[in-house]
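For reference, structure-v1.txt (compact mmCIF, C-alpha atoms):
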```
# COMPACT_ATOMS: atom_id res chain seq x y z
CA LEU A 1 2.51 17.46 -7.00
CA ALA A 2 -0.31 15.98 -9.04
CA GLY A 3 -0.02 13.52 -11.88
CA HIS A 4 0.07 14.47 -15.52
CA ASP A 5 -2.98 13.75 -17.64
CA VAL A 6 -1.79 13.40 -21.23
CA THR A 7 -4.50 12.87 -23.80
CA ASP A 8 -2.08 11.43 -26.30
CA VAL A 9 1.58 11.08 -25.34
CA LEU A 10 2.60 10.51 -28.93
CA SER A 11 0.89 13.69 -30.06
CA VAL A 12 2.96 15.51 -27.47
CA ALA A 13 6.02 13.94 -29.04
CA ARG A 14 5.03 15.16 -32.48
CA ALA A 15 4.25 18.66 -31.26
CA GLN A 16 7.33 19.12 -29.07
CA ALA A 17 10.06 17.30 -31.01
CA ARG A 18 13.04 19.63 -31.15
CA TRP A 19 15.07 18.25 -33.97
CA LYS A 20 18.35 20.07 -33.53
CA VAL A 21 18.53 19.50 -29.80
CA LEU A 22 17.57 15.85 -30.13
CA GLU A 23 20.00 15.25 -32.96
CA ARG A 24 22.81 16.66 -30.84
CA SER A 25 21.77 14.44 -27.94
CA LEU A 26 21.56 11.41 -30.20
CA LEU A 27 25.13 12.06 -31.28
CA LYS A 28 26.15 11.75 -27.63
CA VAL A 29 24.17 8.52 -27.30
CA LEU A 30 25.74 6.91 -30.35
CA GLN A 31 29.30 8.10 -29.84
CA THR A 32 30.29 6.01 -26.81
CA SER A 33 33.36 4.08 -25.76
CA ASP A 34 32.39 0.90 -27.60
CA ARG A 35 32.70 2.86 -30.85
CA GLU A 36 36.32 3.80 -30.24
CA GLY A 37 37.96 5.36 -33.25
CA TRP A 38 34.85 7.02 -34.65
CA THR A 39 35.22 10.67 -35.56
CA ASP A 40 32.52 13.29 -35.17
CA ALA A 41 32.04 13.17 -38.92
CA ASP A 42 31.57 9.39 -38.84
CA THR A 43 28.97 9.61 -36.11
CA ARG A 44 27.12 12.50 -37.75
CA SER A 45 27.00 10.52 -40.99
CA ALA A 46 25.47 7.56 -39.17
CA VAL A 47 22.87 9.79 -37.55
CA THR A 48 22.00 11.45 -40.84
CA GLU A 49 21.58 8.03 -42.42
CA GLN A 50 19.25 6.90 -39.61
CA LEU A 51 17.21 10.09 -39.84
CA GLY A 52 16.73 9.47 -43.53
CA ARG A 53 15.38 6.00 -42.78
CA ARG A 54 12.51 7.15 -40.57
CA THR A 55 9.33 5.82 -42.09
CA HIS A 56 7.22 5.40 -38.92
CA ASP A 57 5.47 7.78 -36.57
CA PRO A 58 7.25 8.83 -33.37
CA ARG A 59 7.17 6.12 -30.72
CA LEU A 60 6.82 6.15 -26.95
CA ILE A 61 9.70 4.22 -25.35
CA VAL A 62 9.07 3.33 -21.69
CA VAL A 63 12.14 2.63 -19.54
CA GLY A 64 12.18 1.30 -15.99
CA ASP A 65 14.60 2.00 -13.15
CA VAL A 66 17.87 3.26 -14.64
CA HIS A 67 19.55 3.88 -11.27
CA GLY A 68 22.39 6.04 -12.51
CA CYS A 69 23.60 3.63 -15.22
CA VAL A 70 24.03 5.96 -18.17
CA ALA A 71 26.11 3.56 -20.30
CA GLU A 72 23.40 0.90 -20.09
CA LEU A 73 20.76 3.53 -20.88
CA GLN A 74 22.66 4.60 -23.99
CA SER A 75 23.00 0.99 -25.07
CA LEU A 76 19.28 0.39 -24.53
CA LEU A 77 18.29 3.39 -26.65
CA ARG A 78 20.57 2.23 -29.43
CA ARG A 79 18.95 -1.22 -29.32
CA CYS A 80 15.54 0.46 -29.52
CA ASN A 81 16.77 2.38 -32.57
CA TYR A 82 15.87 5.65 -30.83
CA LEU A 83 15.52 8.53 -33.27
CA PRO A 84 14.69 12.22 -32.82
CA GLY A 85 10.93 12.58 -32.49
CA ASP A 86 10.59 9.42 -30.38
CA ARG A 87 9.62 10.17 -26.77
CA VAL A 88 11.18 8.40 -23.80
CA LEU A 89 9.23 8.04 -20.55
CA PHE A 90 11.12 6.97 -17.42
CA LEU A 91 9.27 5.01 -14.73
CA GLY A 92 11.17 6.58 -11.85
CA ASP A 93 14.46 5.98 -10.02
CA LEU A 94 16.58 7.50 -12.73
CA VAL A 95 19.21 8.18 -10.06
CA SER A 96 21.12 6.46 -7.24
CA LYS A 97 23.05 3.17 -6.89
CA GLY A 98 24.84 3.46 -10.25
CA PRO A 99 27.90 5.61 -11.03
CA SER A 100 26.36 8.25 -13.33
CA SER A 101 23.23 9.78 -11.80
CA ARG A 102 24.10 13.32 -12.90
CA GLU A 103 24.69 12.19 -16.47
CA CYS A 104 21.40 10.28 -16.53
CA VAL A 105 19.39 13.32 -15.48
CA GLN A 106 21.25 15.55 -17.92
CA MET A 107 20.60 13.11 -20.75
CA ALA A 108 16.90 12.83 -19.87
CA ARG A 109 16.55 16.60 -19.83
CA GLU A 110 18.40 17.11 -23.10
CA LEU A 111 16.26 14.47 -24.81
CA ASP A 112 13.14 16.23 -23.49
CA CYS A 113 11.99 13.02 -21.82
CA LEU A 114 8.88 12.42 -19.76
CA GLY A 115 9.05 10.67 -16.42
CA VAL A 116 7.50 9.95 -13.06
CA ARG A 117 8.98 10.35 -9.60
CA GLY A 118 10.56 7.34 -7.91
CA ASN A 119 11.54 6.92 -4.28
CA HIS A 120 15.22 7.62 -4.97
CA ASP A 121 14.40 10.63 -7.13
CA PHE A 122 12.26 11.88 -4.25
CA GLU A 123 15.16 11.73 -1.79
CA VAL A 124 17.41 13.66 -4.17
CA ILE A 125 14.66 16.26 -4.62
CA ARG A 126 14.37 16.62 -0.83
CA TRP A 127 18.10 17.30 -0.57
CA SER A 128 17.92 19.75 -3.48
CA HIS A 129 15.27 21.75 -1.63
CA ALA A 130 17.35 21.63 1.56
CA LEU A 131 20.46 22.89 -0.23
CA GLU A 132 18.51 25.69 -1.91
CA ALA A 133 17.17 26.69 1.51
CA GLY A 134 20.73 27.00 2.83
CA CYS A 135 20.62 24.04 5.20
CA ASP A 136 23.92 22.89 6.62
CA ALA A 137 25.57 19.90 5.03
CA PRO A 138 25.19 16.66 7.01
CA GLN A 139 28.23 15.37 8.87
CA TRP A 140 28.08 12.22 6.79
CA GLY A 141 26.44 12.96 3.46
CA THR A 142 24.16 10.31 2.00
CA GLU A 143 24.33 9.22 -1.62
CA HIS A 144 21.20 11.26 -2.34
CA TYR A 145 22.82 14.36 -0.83
CA HIS A 146 25.90 14.01 -3.04
CA ILE A 147 23.75 13.51 -6.14
CA ALA A 148 21.74 16.64 -5.30
CA ARG A 149 24.95 18.64 -4.92
CA ALA A 150 26.26 17.38 -8.25
CA LEU A 151 23.17 18.35 -10.28
CA GLY A 152 23.16 21.62 -12.16
CA LYS A 153 20.28 24.07 -11.87
CA GLU A 154 18.50 22.90 -15.04
CA ASP A 155 18.83 19.25 -14.08
CA ARG A 156 17.50 19.89 -10.55
CA GLU A 157 14.51 21.70 -12.04
CA TRP A 158 13.84 18.83 -14.46
CA LEU A 159 13.98 16.23 -11.68
CA THR A 160 11.84 18.34 -9.34
CA GLY A 161 9.21 18.69 -12.06
CA LEU A 162 8.54 14.94 -12.24
CA PRO A 163 4.91 14.08 -11.35
CA TRP A 164 3.71 11.14 -9.28
CA TYR A 165 2.14 9.54 -12.36
CA VAL A 166 1.31 10.12 -16.02
CA SER A 167 -2.16 9.25 -17.33
CA THR A 168 -3.54 8.70 -20.82
CA PRO A 169 -7.01 7.40 -21.74
CA GLU A 170 -5.67 3.83 -22.04
CA HIS A 171 -2.51 3.77 -19.92
CA LEU A 172 -1.07 4.80 -16.57
CA PHE A 173 2.61 5.20 -15.80
CA VAL A 174 3.85 5.14 -12.21
CA HIS A 175 6.98 4.13 -10.32
CA ALA A 176 5.65 1.55 -7.84
CA GLY A 177 1.90 1.12 -8.13
CA PHE A 178 -1.70 2.09 -7.37
CA VAL A 179 -4.37 0.92 -4.95
CA SER A 180 -7.31 -0.39 -6.95
CA GLY A 181 -10.61 1.38 -6.35
CA VAL A 182 -9.01 4.66 -5.27
CA ARG A 183 -9.27 7.67 -7.59
CA LEU A 184 -5.98 8.81 -9.08
CA ARG A 185 -6.16 12.19 -7.37
CA ARG A 186 -6.60 10.45 -4.02
CA GLN A 187 -3.77 7.95 -4.37
CA ASN A 188 -1.09 8.25 -1.69
CA PRO A 189 2.14 9.66 -3.24
CA ARG A 190 4.37 7.68 -0.87
CA LEU A 191 2.64 4.45 -1.87
CA MET A 192 2.90 5.33 -5.56
CA MET A 193 6.68 5.51 -5.07
CA ASN A 194 7.20 2.57 -2.69
CA MET A 195 4.44 -0.08 -2.68
CA ARG A 196 5.09 -3.68 -3.69
CA SER A 197 2.40 -5.80 -2.06
CA ILE A 198 -1.19 -5.66 -0.85
CA LEU A 199 -1.93 -8.27 1.82
CA PRO A 200 -5.25 -10.15 2.19
CA ASP A 201 -6.32 -7.79 5.00
CA GLY A 202 -5.82 -4.78 2.67
CA THR A 203 -2.50 -3.64 4.13
CA VAL A 204 -0.39 -1.87 1.52
CA THR A 205 3.33 -2.37 2.07
CA SER A 206 6.65 -1.70 0.40
CA LYS A 207 7.83 -5.17 1.44
CA PHE A 208 8.04 -8.10 -0.93
CA PHE A 209 5.42 -10.79 -0.25
CA GLU A 210 5.71 -13.31 -3.04
CA ASN A 211 2.04 -14.24 -3.32
CA TRP A 212 0.57 -10.78 -2.89
CA PRO A 213 1.72 -8.36 -5.61
CA TRP A 214 -0.45 -5.24 -5.72
CA ALA A 215 -0.91 -5.55 -9.49
CA ARG A 216 -2.93 -8.78 -9.20
CA LEU A 217 -5.76 -6.68 -7.73
CA TRP A 218 -5.73 -3.92 -10.34
CA ASP A 219 -9.07 -3.86 -12.17
CA GLY A 220 -8.39 -1.09 -14.70
CA PRO A 221 -9.74 0.19 -16.93
CA GLN A 222 -6.32 1.61 -17.82
CA THR A 223 -3.25 -0.60 -18.21
CA VAL A 224 -0.51 0.29 -15.71
CA PHE A 225 3.18 0.39 -16.58
CA PHE A 226 5.40 0.42 -13.49
CA GLY A 227 8.90 -0.33 -12.23
CA HIS A 228 10.36 -0.60 -8.71
CA ASP A 229 9.52 -4.26 -7.97
CA ALA A 230 12.57 -5.86 -9.61
CA ASP A 231 12.46 -9.01 -7.48
CA ARG A 232 9.31 -10.21 -9.23
CA GLY A 233 10.64 -9.56 -12.70
CA LEU A 234 8.20 -8.85 -15.52
CA GLN A 235 4.60 -8.89 -14.33
CA GLN A 236 1.75 -9.23 -16.82
CA TYR A 237 -1.90 -9.51 -15.83
CA GLU A 238 -5.03 -9.65 -17.95
```

Represent the structure from my file as structure tokens, please.
Amino acid sequence: LAGHDVTDVLSVARAQARWKVLERSLLKVLQTSDREGWTDADTRSAVTEQLGRRTHDPRLIVVGDVHGCVAELQSLLRRCNYLPGDRVLFLGDLVSKGPSSRECVQMARELDCLGVRGNHDFEVIRWSHALEAGCDAPQWGTEHYHIARALGKEDREWLTGLPWYVSTPEHLFVHAGFVSGVRLRRQNPRLMMNMRSILPDGTVTSKFFENWPWARLWDGPQTVFFGHDADRGLQQYE
């Protein structure tokens, strides 16, 4: 599965914004447990008011590892003042660890989000293919197996369609990282989903080595947005 080359992600947002679908999804985002007592009419009124306030072009909102935490994702989109027409791009690992992987994938699909494939997404995709092929269930099912079983057909197709990376003229979006000096089409998919460090001898590893983050070696020209390496926190390099 190759990466996606997108000339202008925001132009895609403008061209593909599906207002009715996105408005319905936004209602779900806004009407959550912390707004107890709101009626459908109250929520719809709030949405209509926000839609009327849009004075800016659609934005690209980039979100790192969600890991099945749909409530936190909803809260984040509210804090970003997400509105229909904005485009969300997930940096992989939308699923696993948290309690609501199925709901996260469903929400991403309904909002017509972009995304890249993370290592946990990959394992769920592997199990989805195995289930579709009629393979026997494992004696002790893994978390990824149970997530694959829980996903509906449309959600499995959305997850399976995630590329290794998304590219624009100025930016790259990937789950874990890239090896500098290697063409995008020749990057190793497993490394793009798992790498954290590049050692002085050139060894690329998924292990955390504090002084050897892969990103310190990236020489562009595009700026890379990535997730995965939570232990290092926010990384910014010139």

| query | Which one is closest to Arg156 of chain A: A:Leu191, A:Val124, A:Ala215, A:Leu94? Count all atoms listed in the file. | reply | A:Val124

| said: Please list as a count of residues only every residue within 9 Å of segment 62-77 of chain A, counting only C-alpha atoms and excluding residues in the same chain fewer than 3 positions away. | reply: 37

| task | State, in Å with one decimal place, the distance from atom CA of Ala176 of chain A to atom CA of Arg196 of chain A. | result |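 Taking atom CA of Ala176 of chain A as the start and atom CA of Arg196 of chain A as the end point, the length is 6.7 Å.
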
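From atom CA of Pro163 of chain A back to atom CA of Gly85 of chain A, the distance works out to 22.0 Å.
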
| said: Just want the 12 Å neighbourhood of Arg232 of chain A, counted on only C-alpha atoms, with same-chain residues fewer than 5 positions away dropped. Output as a list in words. | reply: Arg196, Ser197, Lys207, Phe208, Phe209, Glu210, Asn211, Trp212, Pro213, Trp214, Ala215 and Gly227 of chain A

| Between atom CA of Val224 of chain A and atom CA of Glu170 of chain A - distance in Å to one decimal |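 According to the coordinates, atom CA of Glu170 of chain A and atom CA of Val224 of chain A are separated by 8.9 Å.
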
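Among A:Ala137, A:Val166, A:Met193, A:Leu131, the residue with the shortest atom-to-atom distance to Leu151 of chain A, counting all atoms listed in the file, is A:Leu131.
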
| Best match for closeness to Ser128 of chain A among A:Glu157, A:Asp201, A:Asp86, A:Asp112, counting all atoms listed in the file |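 The answer is A:Glu157, which sits nearest to Ser128 of chain A.
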
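Proximity ranking of A:Arg186, A:Val204, A:Val174, A:Gln236 relative to Asn119 of chain A places A:Val174 first, based on all atoms listed in the file.
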
| said: as an MDAnalysis selection string, please: the residues near Ser180 of chain A (cut-off 10 Å, all atoms listed in the file, same-chain neighbours under 5 positions excluded). | reply: chainID A and resid 187 214:220
